[in-house]
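> Just upload.cif, nothing more (mmCIF, C-alpha atoms):
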```
data_start
#
loop_
_atom_site.label_atom_id
_atom_site.label_comp_id
_atom_site.auth_asym_id
_atom_site.auth_seq_id
_atom_site.Cartn_x
_atom_site.Cartn_y
_atom_site.Cartn_z
CA MET D 133 3.24 -20.10 -6.82
CA ASN D 134 2.95 -17.33 -4.28
CA GLN D 135 1.85 -14.20 -6.14
CA TYR D 136 3.11 -11.69 -3.57
CA GLY D 137 6.21 -13.84 -3.24
CA ALA D 138 6.70 -13.43 -6.99
CA TYR D 139 6.30 -9.68 -6.45
CA GLY D 140 9.04 -9.68 -3.81
CA ARG D 141 11.32 -11.93 -5.82
CA ALA D 142 10.92 -9.83 -8.97
CA ASN D 143 11.73 -6.69 -6.99
CA SER D 144 14.90 -8.40 -5.76
CA GLY D 145 15.99 -8.96 -9.37
CA GLN D 146 14.86 -12.53 -10.03
CA SER D 147 13.68 -13.48 -13.53
CA HIS D 148 10.33 -15.11 -14.17
CA GLU D 149 12.05 -18.44 -14.72
CA ASP D 150 13.92 -18.11 -11.42
CA ILE D 151 10.66 -17.25 -9.68
CA LEU D 152 8.87 -20.30 -11.03
CA ARG D 153 11.78 -22.60 -10.17
CA SER D 154 11.50 -21.34 -6.60
CA TYR D 155 7.94 -22.65 -6.33
CA PHE D 156 7.86 -25.69 -8.62
CA ALA D 157 10.14 -28.73 -8.98
CA ASP D 158 11.03 -31.35 -11.57
CA PHE D 159 9.83 -29.43 -14.63
CA SER D 160 11.10 -27.85 -17.81
CA PHE D 161 9.89 -24.91 -19.86
CA GLU D 162 8.35 -25.82 -23.20
CA THR D 163 6.17 -24.15 -25.82
CA ARG D 164 2.65 -25.31 -26.61
CA PRO D 165 0.42 -24.32 -29.59
CA ASN D 166 -2.42 -21.84 -29.30
CA ILE D 167 -5.24 -24.39 -29.13
CA ASN D 168 -8.85 -23.55 -28.36
CA ILE D 169 -10.13 -24.24 -24.85
CA SER D 170 -13.71 -24.27 -23.57
CA VAL D 171 -14.43 -21.48 -21.06
CA GLN D 172 -17.61 -21.67 -19.00
CA GLY D 173 -20.12 -19.12 -20.29
CA TYR D 174 -17.87 -18.01 -23.16
CA GLY D 175 -17.56 -21.07 -25.37
CA SER D 176 -14.44 -22.02 -27.28
CA ILE D 177 -11.60 -19.47 -27.13
CA PRO D 178 -7.97 -19.57 -28.33
CA LEU D 179 -5.72 -20.10 -25.31
CA GLU D 180 -3.69 -16.92 -25.81
CA THR D 181 -6.88 -14.86 -26.23
CA TYR D 182 -8.28 -16.41 -23.05
CA LEU D 183 -5.16 -15.44 -21.09
CA LEU D 184 -5.62 -11.77 -21.98
CA GLY D 185 -8.83 -11.77 -19.93
CA ILE D 186 -7.34 -13.32 -16.78
CA TYR D 187 -7.54 -11.04 -13.73
CA GLU D 188 -5.28 -12.66 -11.15
CA MET D 189 -2.42 -10.20 -10.59
CA PRO D 190 -2.35 -6.38 -10.42
CA ASP D 191 -0.97 -4.70 -13.52
CA SER D 192 1.33 -2.68 -11.24
CA PHE D 193 3.36 -5.77 -10.27
CA PRO D 194 6.88 -6.08 -11.76
CA MET D 195 7.05 -7.47 -15.28
CA GLU D 196 8.92 -10.62 -14.24
CA ALA D 197 6.19 -11.42 -11.70
CA LEU D 198 3.55 -10.86 -14.38
CA LYS D 199 5.40 -13.19 -16.75
CA ALA D 200 5.58 -15.86 -14.04
CA GLN D 201 1.84 -15.42 -13.55
CA ALA D 202 1.15 -15.69 -17.28
CA ILE D 203 3.08 -18.96 -17.53
CA SER D 204 1.33 -20.30 -14.43
CA ALA D 205 -2.12 -19.34 -15.74
CA ARG D 206 -1.38 -20.82 -19.18
CA SER D 207 -0.08 -24.05 -17.64
CA TYR D 208 -3.03 -24.27 -15.26
CA ALA D 209 -5.58 -23.77 -18.04
CA LEU D 210 -4.06 -26.49 -20.22
CA ALA D 211 -3.76 -28.93 -17.32
CA TYR D 212 -7.24 -28.18 -15.97
CA THR D 213 -8.90 -28.70 -19.35
CA ASN D 214 -6.71 -31.70 -20.24
CA ASN D 215 -5.31 -29.85 -23.24
CA GLY D 216 -8.68 -28.49 -24.29
CA ALA D 217 -10.76 -31.63 -23.76
CA GLY D 218 -12.65 -30.19 -20.78
CA GLU D 219 -14.08 -26.86 -19.65
CA ILE D 220 -12.60 -24.32 -17.23
CA CYS D 221 -14.68 -22.09 -14.94
CA THR D 222 -14.22 -18.33 -14.59
CA THR D 223 -14.10 -17.90 -10.80
CA GLN D 224 -11.46 -18.34 -8.12
CA ALA D 225 -12.41 -22.01 -8.05
CA CYS D 226 -10.35 -22.18 -11.27
CA GLN D 227 -8.84 -18.81 -12.16
CA VAL D 228 -10.59 -15.47 -12.55
CA TYR D 229 -11.55 -14.70 -16.16
CA LYS D 230 -13.55 -11.58 -17.04
CA GLY D 231 -13.37 -11.72 -20.82
CA GLY D 232 -11.90 -9.22 -23.23
CA ASN D 233 -8.36 -7.93 -22.96
CA LYS D 234 -7.06 -6.59 -19.65
CA GLY D 235 -4.37 -4.80 -21.63
CA GLY D 236 -1.40 -2.94 -20.17
CA ASN D 237 1.53 -4.78 -18.68
CA TRP D 238 -0.52 -7.95 -18.40
CA GLU D 239 -1.02 -8.08 -22.17
CA ARG D 240 2.70 -7.57 -22.63
CA ALA D 241 3.50 -10.40 -20.18
CA VAL D 242 1.17 -12.77 -22.01
CA ASN D 243 2.57 -11.85 -25.41
CA GLU D 244 6.22 -12.04 -24.35
CA THR D 245 5.71 -15.55 -22.91
CA ASN D 246 3.54 -16.73 -25.81
CA GLY D 247 2.95 -20.48 -25.56
CA LYS D 248 5.40 -20.95 -22.69
CA VAL D 249 4.37 -23.55 -20.10
CA MET D 250 5.84 -25.78 -17.40
CA VAL D 251 6.02 -29.50 -18.22
CA SER D 252 6.76 -32.43 -15.91
CA GLY D 253 6.83 -36.05 -17.01
CA GLY D 254 5.57 -35.09 -20.46
CA SER D 255 2.45 -33.30 -19.14
CA VAL D 256 1.77 -29.63 -18.55
CA VAL D 257 1.70 -29.04 -14.79
CA LYS D 258 -1.38 -27.85 -12.93
CA ALA D 259 0.38 -24.74 -11.69
CA TRP D 260 -1.55 -23.84 -8.55
CA TYR D 261 -1.04 -20.35 -7.18
CA SER D 262 -2.34 -18.12 -4.40
CA SER D 263 -1.94 -14.50 -3.40
CA THR D 264 0.01 -15.08 -0.19
CA ASP D 265 1.68 -18.01 1.54
CA GLY D 266 2.99 -16.40 4.74
CA GLY D 267 6.63 -17.16 4.03
CA TYR D 268 6.25 -20.88 3.28
CA THR D 269 4.77 -23.03 0.54
CA PHE D 270 3.88 -26.70 0.83
CA ALA D 271 3.73 -29.64 -1.54
CA SER D 272 0.36 -30.85 -2.80
CA GLY D 273 0.67 -33.94 -0.63
CA ASP D 274 0.87 -31.75 2.48
CA VAL D 275 -2.34 -29.96 1.54
CA TRP D 276 -4.54 -32.54 -0.18
CA GLY D 277 -2.80 -35.82 0.63
CA SER D 278 -2.15 -36.55 -3.04
CA GLY D 279 1.45 -35.90 -4.00
CA THR D 280 2.80 -34.49 -7.27
CA SER D 281 6.39 -34.41 -8.44
CA PHE D 282 6.25 -30.76 -9.47
CA THR D 283 5.18 -29.21 -6.14
CA LYS D 284 7.56 -28.74 -3.23
CA ARG D 285 8.03 -27.19 0.16
CA THR D 286 9.63 -23.76 -0.04
CA LYS D 287 10.89 -21.45 2.67
CA ASP D 288 9.90 -18.30 0.82
CA THR D 289 12.31 -15.93 2.54
CA THR D 290 15.55 -14.08 1.98
CA GLY D 291 17.29 -15.83 4.89
CA ASP D 292 16.94 -18.06 7.92
CA ILE D 293 13.90 -17.60 10.16
CA GLY D 294 13.91 -18.05 13.92
CA SER D 295 10.94 -15.97 14.99
CA PHE D 296 7.86 -14.16 13.76
CA SER D 297 9.93 -10.95 13.72
CA ASP D 298 12.40 -12.58 11.34
CA LEU D 299 9.50 -13.71 9.15
CA PHE D 300 8.02 -10.20 9.00
CA ALA D 301 11.39 -8.85 7.84
CA LYS D 302 12.52 -11.57 5.44
CA ALA D 303 9.46 -13.14 3.76
CA TYR D 304 9.22 -12.40 0.05
CA ASP D 305 5.46 -11.87 0.40
CA LYS D 306 5.69 -9.58 3.45
CA ASP D 307 4.07 -6.70 1.51
CA SER D 308 0.81 -8.59 1.06
CA PRO D 309 -2.11 -7.16 3.04
CA CYS D 310 -2.98 -10.78 3.91
CA PHE D 311 0.52 -11.70 5.11
CA TYR D 312 -0.22 -11.34 8.84
CA ALA D 313 -3.95 -10.93 9.23
CA ALA D 314 -6.93 -12.43 11.00
CA GLN D 315 -9.12 -14.59 8.79
CA GLY D 316 -12.83 -13.92 9.08
CA VAL D 317 -15.09 -11.25 10.55
CA ARG D 318 -18.12 -11.02 12.79
CA SER D 319 -20.84 -8.43 13.21
CA GLN D 320 -19.57 -7.43 16.67
CA TYR D 321 -16.33 -5.68 17.60
CA ALA D 322 -16.18 -3.41 14.55
CA LYS D 323 -16.55 -6.42 12.25
CA SER D 324 -13.25 -7.88 13.42
CA ALA D 325 -12.09 -11.39 14.28
CA TRP D 326 -11.38 -10.74 17.96
CA LEU D 327 -12.71 -13.33 20.42
CA LYS D 328 -13.70 -12.79 24.04
CA SER D 329 -11.83 -14.59 26.80
CA GLU D 330 -14.78 -16.88 27.50
CA GLU D 331 -15.10 -17.74 23.79
CA VAL D 332 -11.49 -18.91 23.68
CA ALA D 333 -12.14 -20.84 26.90
CA ASP D 334 -15.12 -22.53 25.24
CA ILE D 335 -13.01 -23.61 22.26
CA VAL D 336 -10.43 -25.12 24.61
CA ASN D 337 -13.17 -26.83 26.63
CA VAL D 338 -14.57 -28.34 23.44
CA LEU D 339 -11.12 -29.68 22.57
CA MET D 340 -10.68 -31.22 26.03
CA LEU D 341 -14.20 -32.67 25.96
CA SER D 342 -13.59 -34.31 22.60
CA LYS D 343 -10.32 -35.80 23.87
CA ALA D 344 -12.19 -37.17 26.89
CA ASP D 345 -15.05 -38.58 24.80
CA SER D 346 -14.89 -38.79 21.01
CA GLY D 347 -18.58 -39.64 20.93
CA VAL D 348 -19.61 -36.01 21.50
CA SER D 349 -18.52 -34.84 18.04
CA SER D 350 -22.06 -34.16 16.79
CA HIS D 351 -22.69 -31.66 19.63
CA ILE D 352 -19.65 -29.37 19.47
CA TYR D 353 -20.12 -27.38 16.28
CA GLN D 354 -20.19 -23.58 16.42
CA THR D 355 -23.29 -22.32 18.20
CA ASP D 356 -24.24 -19.50 15.82
CA LYS D 357 -24.97 -21.73 12.81
CA PRO D 358 -27.29 -24.72 12.27
CA ASN D 359 -25.89 -28.05 13.36
CA PRO D 360 -24.77 -29.79 10.12
CA GLU D 361 -25.88 -33.13 11.55
CA ALA D 362 -29.30 -31.67 12.49
CA GLY D 363 -28.68 -32.52 16.14
CA GLU D 364 -28.29 -30.49 19.33
CA THR D 365 -25.32 -28.14 19.54
CA TRP D 366 -24.14 -27.71 23.11
CA ASP D 367 -23.60 -24.15 24.35
CA GLU D 368 -20.73 -23.03 26.59
CA ALA D 369 -22.48 -24.02 29.83
CA LYS D 370 -23.45 -27.45 28.53
CA VAL D 371 -19.92 -28.13 27.28
CA LYS D 372 -18.52 -27.30 30.73
CA GLN D 373 -21.13 -29.50 32.38
CA GLU D 374 -20.35 -32.43 30.09
CA LEU D 375 -16.61 -31.99 30.56
CA LYS D 376 -16.99 -31.99 34.36
CA SER D 377 -19.13 -35.13 34.19
CA ARG D 378 -16.21 -36.87 32.48
CA GLY D 379 -13.70 -35.80 35.11
CA GLY D 380 -12.45 -32.73 33.25
CA ASN D 381 -11.65 -29.30 34.66
CA PRO D 382 -13.01 -26.62 32.30
CA PHE D 383 -11.76 -23.08 31.78
CA ASN D 384 -14.12 -20.22 32.60
CA SER D 385 -11.77 -17.60 31.20
CA VAL D 386 -8.48 -17.46 29.32
CA SER D 387 -5.81 -14.88 30.12
CA GLY D 388 -3.15 -15.84 27.60
CA VAL D 389 -2.32 -18.02 24.61
CA SER D 390 1.24 -18.67 23.42
CA ILE D 391 2.41 -20.41 20.27
CA SER D 392 5.57 -22.44 19.71
CA ALA D 393 6.60 -22.95 16.10
CA ASP D 394 9.13 -24.70 13.90
CA PHE D 395 10.26 -21.83 11.70
CA GLY D 396 12.38 -24.17 9.62
CA SER D 397 9.31 -25.94 8.25
CA GLY D 398 6.77 -23.14 8.79
CA MET D 399 4.46 -24.92 11.20
CA ALA D 400 3.07 -24.09 14.62
CA THR D 401 3.88 -26.97 16.96
CA THR D 402 2.16 -26.34 20.30
CA VAL D 403 -0.43 -23.98 21.76
CA THR D 404 -0.32 -23.22 25.49
CA VAL D 405 -3.48 -21.77 27.02
CA SER D 406 -3.44 -20.09 30.44
CA GLY D 407 -6.51 -19.17 32.44
CA ASP D 408 -8.44 -19.35 35.67
CA ARG D 409 -7.77 -23.09 36.12
CA GLY D 410 -4.10 -23.10 35.21
CA SER D 411 -2.42 -23.95 31.89
CA GLU D 412 -2.80 -26.61 29.23
CA THR D 413 -0.63 -27.31 26.19
CA PHE D 414 -2.08 -28.77 23.00
CA ASN D 415 -0.79 -29.95 19.66
CA ALA D 416 -1.11 -26.94 17.34
CA SER D 417 -2.78 -28.83 14.51
CA GLU D 418 -5.32 -30.26 16.93
CA PHE D 419 -6.01 -26.81 18.40
CA LYS D 420 -6.47 -25.39 14.91
CA ASN D 421 -8.98 -28.08 13.97
CA PHE D 422 -11.17 -27.48 17.01
CA PHE D 423 -10.84 -23.71 16.71
CA ASN D 424 -12.14 -23.90 13.15
CA LEU D 425 -14.94 -26.20 14.26
CA ARG D 426 -16.18 -24.03 17.13
CA ALA D 427 -15.19 -20.39 16.49
CA PRO D 428 -18.11 -18.04 15.71
CA ALA D 429 -19.07 -16.52 12.35
CA ASN D 430 -16.51 -17.37 9.66
CA ILE D 431 -13.43 -16.87 11.83
CA GLN D 432 -10.81 -19.47 10.96
CA ILE D 433 -7.14 -20.33 11.37
CA VAL D 434 -5.70 -20.73 7.88
CA GLY D 435 -2.46 -22.56 7.24
CA PRO D 436 -0.11 -24.57 9.45
CA LEU D 437 1.74 -21.53 10.88
CA PHE D 438 -0.31 -19.15 12.99
CA ASN D 439 -0.04 -16.80 15.95
CA VAL D 440 -2.41 -15.47 18.61
CA GLU D 441 -2.46 -11.85 19.73
CA GLN D 442 -4.21 -10.24 22.68
CA LYS D 443 -5.46 -6.72 23.27
#
```
Would you mind writing the file's structure down as structure tokens?

Amino acid sequence: MNQYGAYGRANSGQSHEDILRSYFADFSFETRPNINISVQGYGSIPLETYLLGIYEMPDSFPMEALKAQAISARSYALAYTNNGAGEICTTQACQVYKGGNKGGNWERAVNETNGKVMVSGGSVVKAWYSSTDGGYTFASGDVWGSGTSFTKRTKDTTGDIGSFSDLFAKAYDKDSPCFYAAQGVRSQYAKSAWLKSEEVADIVNVLMLSKADSGVSSHIYQTDKPNPEAGETWDEAKVKQELKSRGGNPFNSVSGVSISADFGSGMATTVTVSGDRGSETFNASEFKNFFNLRAPANIQIVGPLFNVEQK
């Protein structure tokens, strides 16, 4: 489930059941008893009491979104613990639990959905959720390679999308502060995620070098962190030197990057880089992988649909 998508859908008049059917497939709503589950650091707690201490959605969200969240959290807890046989953690690695009773509208949402869960194939579903999905959700098989019958691809919008402008106007989660945002920060440039022209050129050179010689993989990690293979990490100059030695023509600077995307599926398709030595077009997924390998600090491209801006 997309939490800000649930927010947008609830504001458009959708019920909590409609919201959940938008994000999950092949399931039915059922009621489960208030069994005890084991919560890391808190011991054994009745499920409904545990839910009162979940902090995953602002209390200011519409009631139908909160109810969708309560059912998702209840389903996730039961599935994660195998109906109470295992233990659930209290962080974002599972779902955030702070103990006690959050109260307010959240308490009402929990109480008014008491025991209600999503069930597929006789088992409570592991109802994954996140704050923002950027207008599209994907099935578990797309993300982790292991498919489930109850997850599905969703175009999370009010209408057809043909451009980023359409997406900004029509995505149900467009009000999320993370909807269109850079991921990661660095100490320079006002703690932003902006990259210099030569840094983008270096990422592209690393990609081209790897395509020319897959044996260089241990040398092309980001230069501002220890090499995870304990070997030598090549700097920008060395990468250019090695690329030239293999017949490549490296970039010294990049003047523009353009993205082509399939807005029907929500995936970037190609990345075209222009610079001092002309232009090159790359598969978007391949570009993303090498960007995330080489970019400084914790700057990353997250998700299959992305854009590049210049200032």
> Write out, as a tab-separated table, each residue of stretch 225-291 of chain D that has an atom at most 12 Å from stretch 187-207 of chain D, together with the closest pair of atoms and their distance in Å to one decimal, counting all atoms listed in the file, rows going by chain and rising number.

```
residue	atom	partner	partner_atom	distance
D:Cys226	CA	D:Ala205	CA	9.8
D:Gln227	CA	D:Glu188	CA	7.2
D:Val228	CA	D:Tyr187	CA	5.5
D:Tyr229	CA	D:Tyr187	CA	5.9
D:Lys230	CA	D:Tyr187	CA	6.9
D:Gly231	CA	D:Tyr187	CA	9.2
D:Gly232	CA	D:Tyr187	CA	10.6
D:Asn233	CA	D:Tyr187	CA	9.8
D:Lys234	CA	D:Tyr187	CA	7.4
D:Gly235	CA	D:Asp191	CA	8.8
D:Gly236	CA	D:Asp191	CA	6.9
D:Asn237	CA	D:Asp191	CA	5.7
D:Trp238	CA	D:Asp191	CA	5.9
D:Glu239	CA	D:Asp191	CA	9.3
D:Arg240	CA	D:Met195	CA	8.5
D:Ala241	CA	D:Lys199	CA	4.8
D:Val242	CA	D:Ala202	CA	5.6
D:Asn243	CA	D:Ala202	CA	9.1
D:Glu244	CA	D:Lys199	CA	7.7
D:Thr245	CA	D:Lys199	CA	6.6
D:Asn246	CA	D:Ile203	CA	8.6
D:Gly247	CA	D:Arg206	CA	7.7
D:Lys248	CA	D:Ile203	CA	6.0
D:Val249	CA	D:Ser207	CA	5.1
D:Met250	CA	D:Ser207	CA	6.2
D:Val251	CA	D:Ser207	CA	8.2
D:Ser252	CA	D:Ser207	CA	11.0
D:Ser255	CA	D:Ser207	CA	9.7
D:Val256	CA	D:Ser207	CA	5.9
D:Val257	CA	D:Ser207	CA	6.0
D:Lys258	CA	D:Ser207	CA	6.2
D:Ala259	CA	D:Ser204	CA	5.3
D:Trp260	CA	D:Ser204	CA	7.4
D:Tyr261	CA	D:Ser204	CA	7.6
D:Ser262	CA	D:Glu188	CA	9.2
D:Ser263	CA	D:Met189	CA	8.4
D:Thr264	CA	D:Met189	CA	11.7
```
> Find the distance between atom CA of D:Asn424 and atom CA of D:Arg318 and write it in Å to one decimal.
14.2 Å
> For the atom pair atom CA of D:Asp334 and atom CA of D:Tyr312, what is the interatomic distance in Å to one decimal place?
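Atom CA of D:Tyr312 lies 24.8 Å from atom CA of D:Asp334.
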> Translate the PyMOL selection byres ((chain D and resi 314) around 10), as applied to the file shown, into an explicit residue set as a PyMOL selection string.
chain D and resi 310-313+315-317+324-326+431-434+438-441
> Where does the PyMOL selection byres ((chain D and resi 167-178) around 7) land in this file, that is, which residues does it pick, as an MDAnalysis selection string?
chainID D and resid 165:166 179:182 216 218:222
> Any chance you can output those residues with C-alpha atoms as an mmCIF file, keeping the file's coordinate frame?

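Output file selection09.cif is given in full below:
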```cif
data_model
loop_
_atom_site.group_PDB
_atom_site.id
_atom_site.type_symbol
_atom_site.label_atom_id
_atom_site.label_comp_id
_atom_site.auth_asym_id
_atom_site.auth_seq_id
_atom_site.Cartn_x
_atom_site.Cartn_y
_atom_site.Cartn_z
ATOM 1 C CA PRO D 165 0.420 -24.320 -29.590
ATOM 2 C CA ASN D 166 -2.420 -21.840 -29.300
ATOM 3 C CA LEU D 179 -5.720 -20.100 -25.310
ATOM 4 C CA GLU D 180 -3.690 -16.920 -25.810
ATOM 5 C CA THR D 181 -6.880 -14.860 -26.230
ATOM 6 C CA TYR D 182 -8.280 -16.410 -23.050
ATOM 7 C CA GLY D 216 -8.680 -28.490 -24.290
ATOM 8 C CA GLY D 218 -12.650 -30.190 -20.780
ATOM 9 C CA GLU D 219 -14.080 -26.860 -19.650
ATOM 10 C CA ILE D 220 -12.600 -24.320 -17.230
ATOM 11 C CA CYS D 221 -14.680 -22.090 -14.940
ATOM 12 C CA THR D 222 -14.220 -18.330 -14.590
#
```
> Can you spell out as an NGL selection string the set of residues that the PyMOL selection byres ((chain D and resi 286-289) around 6) selects in the structure I just provided?
:D and (267-269 or 285 or 290-291 or 302-304)
> Quick one: residues within 8 Å of stretch 405-419 of chain D, only C-alpha atoms, excluding same-chain residues fewer than 6 positions away - as a PyMOL selection string?
chain D and resi 336+339+381-391+436
> Kindly save the residues from that selection, with C-alpha atoms included, as a PDB file, in the frame of the given file.

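Final file, out.pdb:
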```pdb
ATOM      1  CA  VAL D 336     -10.430 -25.120  24.610  1.00  0.00           C
ATOM      2  CA  LEU D 339     -11.120 -29.680  22.570  1.00  0.00           C
ATOM      3  CA  ASN D 381     -11.650 -29.300  34.660  1.00  0.00           C
ATOM      4  CA  PRO D 382     -13.010 -26.620  32.300  1.00  0.00           C
ATOM      5  CA  PHE D 383     -11.760 -23.080  31.780  1.00  0.00           C
ATOM      6  CA  ASN D 384     -14.120 -20.220  32.600  1.00  0.00           C
ATOM      7  CA  SER D 385     -11.770 -17.600  31.200  1.00  0.00           C
ATOM      8  CA  VAL D 386      -8.480 -17.460  29.320  1.00  0.00           C
ATOM      9  CA  SER D 387      -5.810 -14.880  30.120  1.00  0.00           C
ATOM     10  CA  GLY D 388      -3.150 -15.840  27.600  1.00  0.00           C
ATOM     11  CA  VAL D 389      -2.320 -18.020  24.610  1.00  0.00           C
ATOM     12  CA  SER D 390       1.240 -18.670  23.420  1.00  0.00           C
ATOM     13  CA  ILE D 391       2.410 -20.410  20.270  1.00  0.00           C
ATOM     14  CA  PRO D 436      -0.110 -24.570   9.450  1.00  0.00           C
TER      15      PRO D 436
END
```
> Only C-alpha atoms, please: stretch 145-205 of chain D from the block, as a PDB file, in the first residue's frame.

```
ATOM      1  CA  GLY D 145     -14.056   9.671  -1.471  1.00  0.00           C
ATOM      2  CA  GLN D 146     -12.768   6.098  -1.591  1.00  0.00           C
ATOM      3  CA  SER D 147     -13.490   3.763   1.330  1.00  0.00           C
ATOM      4  CA  HIS D 148     -10.762   1.868   3.147  1.00  0.00           C
ATOM      5  CA  GLU D 149     -11.800  -1.325   1.382  1.00  0.00           C
ATOM      6  CA  ASP D 150     -11.623   0.401  -2.012  1.00  0.00           C
ATOM      7  CA  ILE D 151      -8.185   1.756  -1.123  1.00  0.00           C
ATOM      8  CA  LEU D 152      -6.834  -1.658  -0.179  1.00  0.00           C
ATOM      9  CA  ARG D 153      -8.292  -3.281  -3.303  1.00  0.00           C
ATOM     10  CA  SER D 154      -6.394  -0.694  -5.333  1.00  0.00           C
ATOM     11  CA  TYR D 155      -3.076  -1.931  -3.959  1.00  0.00           C
ATOM     12  CA  PHE D 156      -3.627  -5.639  -3.296  1.00  0.00           C
ATOM     13  CA  ALA D 157      -5.079  -8.463  -5.415  1.00  0.00           C
ATOM     14  CA  ASP D 158      -6.668 -11.873  -4.936  1.00  0.00           C
ATOM     15  CA  PHE D 159      -7.716 -11.411  -1.313  1.00  0.00           C
ATOM     16  CA  SER D 160     -10.787 -11.206   0.876  1.00  0.00           C
ATOM     17  CA  PHE D 161     -11.487  -9.404   4.123  1.00  0.00           C
ATOM     18  CA  GLU D 162     -11.841 -11.656   7.152  1.00  0.00           C
ATOM     19  CA  THR D 163     -11.805 -11.287  10.930  1.00  0.00           C
ATOM     20  CA  ARG D 164      -9.118 -12.810  13.121  1.00  0.00           C
ATOM     21  CA  PRO D 165      -9.095 -13.214  16.946  1.00  0.00           C
ATOM     22  CA  ASN D 166      -7.108 -10.951  19.237  1.00  0.00           C
ATOM     23  CA  ILE D 167      -4.194 -13.327  19.819  1.00  0.00           C
ATOM     24  CA  ASN D 168      -0.993 -12.395  21.622  1.00  0.00           C
ATOM     25  CA  ILE D 169       2.078 -11.652  19.511  1.00  0.00           C
ATOM     26  CA  SER D 170       5.701 -11.311  20.606  1.00  0.00           C
ATOM     27  CA  VAL D 171       7.086  -7.780  20.157  1.00  0.00           C
ATOM     28  CA  GLN D 172      10.835  -7.251  20.388  1.00  0.00           C
ATOM     29  CA  GLY D 173      11.680  -5.553  23.682  1.00  0.00           C
ATOM     30  CA  TYR D 174       8.074  -5.607  24.908  1.00  0.00           C
ATOM     31  CA  GLY D 175       7.240  -9.284  25.282  1.00  0.00           C
ATOM     32  CA  SER D 176       3.849 -10.803  24.564  1.00  0.00           C
ATOM     33  CA  ILE D 177       1.093  -8.286  23.739  1.00  0.00           C
ATOM     34  CA  PRO D 178      -2.501  -8.715  22.505  1.00  0.00           C
ATOM     35  CA  LEU D 179      -2.609  -7.880  18.801  1.00  0.00           C
ATOM     36  CA  GLU D 180      -5.178  -5.094  19.131  1.00  0.00           C
ATOM     37  CA  THR D 181      -3.212  -3.515  22.000  1.00  0.00           C
ATOM     38  CA  TYR D 182      -0.044  -3.697  19.901  1.00  0.00           C
ATOM     39  CA  LEU D 183      -1.739  -1.891  17.016  1.00  0.00           C
ATOM     40  CA  LEU D 184      -2.580   1.084  19.237  1.00  0.00           C
ATOM     41  CA  GLY D 185       1.151   1.776  19.558  1.00  0.00           C
ATOM     42  CA  ILE D 186       1.936   1.702  15.820  1.00  0.00           C
ATOM     43  CA  TYR D 187       3.286   5.013  14.492  1.00  0.00           C
ATOM     44  CA  GLU D 188       3.152   4.677  10.719  1.00  0.00           C
ATOM     45  CA  MET D 189       0.614   7.269   9.541  1.00  0.00           C
ATOM     46  CA  PRO D 190      -0.126  10.832  10.726  1.00  0.00           C
ATOM     47  CA  ASP D 191      -3.263  11.166  12.829  1.00  0.00           C
ATOM     48  CA  SER D 192      -4.322  14.026  10.542  1.00  0.00           C
ATOM     49  CA  PHE D 193      -4.841  11.694   7.564  1.00  0.00           C
ATOM     50  CA  PRO D 194      -8.462  10.954   6.540  1.00  0.00           C
ATOM     51  CA  MET D 195     -10.216   8.259   8.553  1.00  0.00           C
ATOM     52  CA  GLU D 196     -10.552   5.885   5.589  1.00  0.00           C
ATOM     53  CA  ALA D 197      -6.793   6.071   4.998  1.00  0.00           C
ATOM     54  CA  LEU D 198      -6.177   5.378   8.690  1.00  0.00           C
ATOM     55  CA  LYS D 199      -8.502   2.371   8.554  1.00  0.00           C
ATOM     56  CA  ALA D 200      -6.652   1.036   5.501  1.00  0.00           C
ATOM     57  CA  GLN D 201      -3.413   1.481   7.438  1.00  0.00           C
ATOM     58  CA  ALA D 202      -4.808  -0.303  10.497  1.00  0.00           C
ATOM     59  CA  ILE D 203      -5.860  -3.314   8.418  1.00  0.00           C
ATOM     60  CA  SER D 204      -2.490  -3.352   6.653  1.00  0.00           C
ATOM     61  CA  ALA D 205      -0.570  -3.148   9.936  1.00  0.00           C
TER      62      ALA D 205
END
```
